[in-house]
Amino acid sequence: MRQNGPVTSATRQSETPASALPPRLIATDLDGTLLRDDKSVSERTVAALAAAEEAGIEVFFVTGRPARWMDVVSDHVHGHGLAICGNGAAVVDLHGGPGAHRFVKVRELARENALDAVRLLRDAAPGTVYAVEQTYGFYQEPAYPKLHMEIPDLLAPAEGLLGPDAPGAREPVLKILAYHPQLDPDAFLTLARLAVGDRATITRSSPSALLEISGPGVSKASTLALCCAERGISHEEVVAFGDMPNDVEMLTWAGQSYAMANAHPDVIAAASGRTVANNDDGVAVVIEQILAERS
């Protein structure tokens, strides 16, 4: 954990001066970013999100979480009510509240690609175990550890979970999770990307050696870009926040981006600015600064 540093201004040079393009959308990660370590949303952050929406700035939650874990922020959605889940694999309407969400867009991982990734990573890193995240189901191998807040729908080898006769075979696969009990997390990520190549997009958001494998080209950044294009919002009008490697593409793409003080070194290098830690309401600090500059 790094010591909290001062909030810094964005330093990336825009094609158009920042003053000519005030922020129109805020994109924020959840765990380790918007949420405190106890998974709560502080009163200060709730107020800042509401103030941004009132000022005409859309807020998108952009997370690696599946849709069914979005109850932590479902009371704080305004306006469009959309969130990007599964590292860009799904756009979800949260207006219905916990358990009543609706999938607006799904960018699935083809089962053929998923099986290739499983095979190649098993060869490159023996001992890797898998779980499969689908739109409504969660399945895992028997040796996969209890890392998540739910009971899997089925225990079976990954090849069976992804086969044509698997339970939920007609349901889209959003991502597969790959866990290794011994490898360094960053080393595992590098190894997996080299082994799997362009068959899938691989990232991580956990402090453990747990990788998240999505369809080719699927990331927080690419899905956020699609949502912004639908709204006529350019990347220069986006302010993004994050703390882990699965946020890097989004922070690089956004016109202004902030790494939390508790962020991974790659995130700090990718962001154009830095804010205080998630436990110190770093997202709210920047939103308040943005709104103060507009008044």
# chains A, B, ... in the order shown; residues from 1 in each chain; ligands from 1
$ residues_around --residues "range 189-194 of chain A" --least-positions-apart "6" --cutoff "12 Å" --atoms "only C-alpha atoms" --output "number ranges by chain"
A: 116-126, 128, 177-180, 183, 200-214, 216, 245-246
$ residues_around --residues "Thr252 in chain A" --least-positions-apart "4" --cutoff "7 Å" --atoms "only C-alpha atoms" --output "VMD selection string"
chain A and resid 248 270 to 271
$ atom_distance --atom1 "CA of Ile151 in chain A" --atom2 "CA of Phe138 in chain A"
8.2 Å
$ residues_around --residues "range 61-74 of chain A" --least-positions-apart "4" --cutoff "7 Å" --atoms "only C-alpha atoms" --output "number ranges by chain"
A: 27-30, 83-87, 92, 94, 97-99, 220
$ residues_around --residues "range 107-115 of chain A" --least-positions-apart "4" --cutoff "7 Å" --atoms "only C-alpha atoms" --output "ChimeraX atom specification"
/A:89-90,119,159,162,172-175,199-200,214-215
$ atom_distance --atom1 "CA of Tyr258 in chain A" --atom2 "CA of Glu293 in chain A"
16.9 Å
